[in-house]
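First comes the structure, then the notes that go with it.
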Amino acid sequence: MFILGYFLQAVAGVLDIVLTIAMVVVIARAILSWVSPDPHNPIVRIINQLSEPVLFPVRRRVPYFGGVDFSPIIVLMIIFFLDEFLVNSLYRIAAPMIH
């Protein structure tokens with residue numbers, strides 16, 4: 001049973017890292033939207049390519065209010081919820097299996 005516990009702990013750790021990276025990418029995309037970066041810059045292109053699949057479904061459902069795009073805020077709240085709820089739940093489920 002301890003193998004399943006370690007597996008769940010590893011999944012929680014990897015998921016935590018992935019969600020943290022997703023959070024950083026969405027924040028970077030929001031900051032880049034305030035300035036007019038060169039769209040041919042490789043870093044800007046990578047950030048746009050990584051964030052667009054996450055932001056587009058939310059942007060399609062949530063209209064702009066006063067010219068402001070709230071999709072990054074909504075996505076950040078979803079990522080934060082998943083990080084707090086799912087990752088911590090996996091750690092709590094794994095803990096008794098290891099000990």
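Residue numbering restarts at 1 in every chain; chains get A, B, ... in the order shown in the structure tokens, and ligands count up from 1 in that same order.
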request  = For Pro53 (chain A), work out the shell of residues within 12 Å, counting only C-alpha atoms and skipping chain neighbours fewer than 4 positions away, then give it as a PyMOL selection string.
outcome  = chain A and resi 22+25-26+47-49+57-60+71-72+75
Env of region 5-15 of chain A: 10 Å cut, atoms = only C-alpha atoms, seq-sep filter 6 positions within chain, self excluded. Answer as a VMD selection string.
chain A and resid 21 82 to 83 86 to 99
Top pick for closest residue to Val68 (chain A), considering A:Thr20, A:Ser51, A:Ser33, A:Asn41 and counting only C-alpha atoms
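The closest residue to Val68 (chain A) is A:Ser33.
Of the residues under consideration (A:Val54, A:Gly66, A:Met1, A:Arg61), A:Val54 shows the shortest atom-to-atom contact distance to Met23 (chain A) when counting only C-alpha atoms.
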One decimal place gives the CA of Ala30 (chain A)-CA of Phe81 (chain A) separation as 19.1 Å
Taking the DSSP secondary structure from the backbone, can you list the residues of chain A that are helix (DSSP H, G or I), as a PyMOL selection string?
chain A and resi 2-34+42-61+71-98
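With distances restricted to only C-alpha atoms, A:Ala28 is the closest residue to Leu50 (chain A) from A:Ala28, A:Ile17, A:Leu4, A:Leu76.
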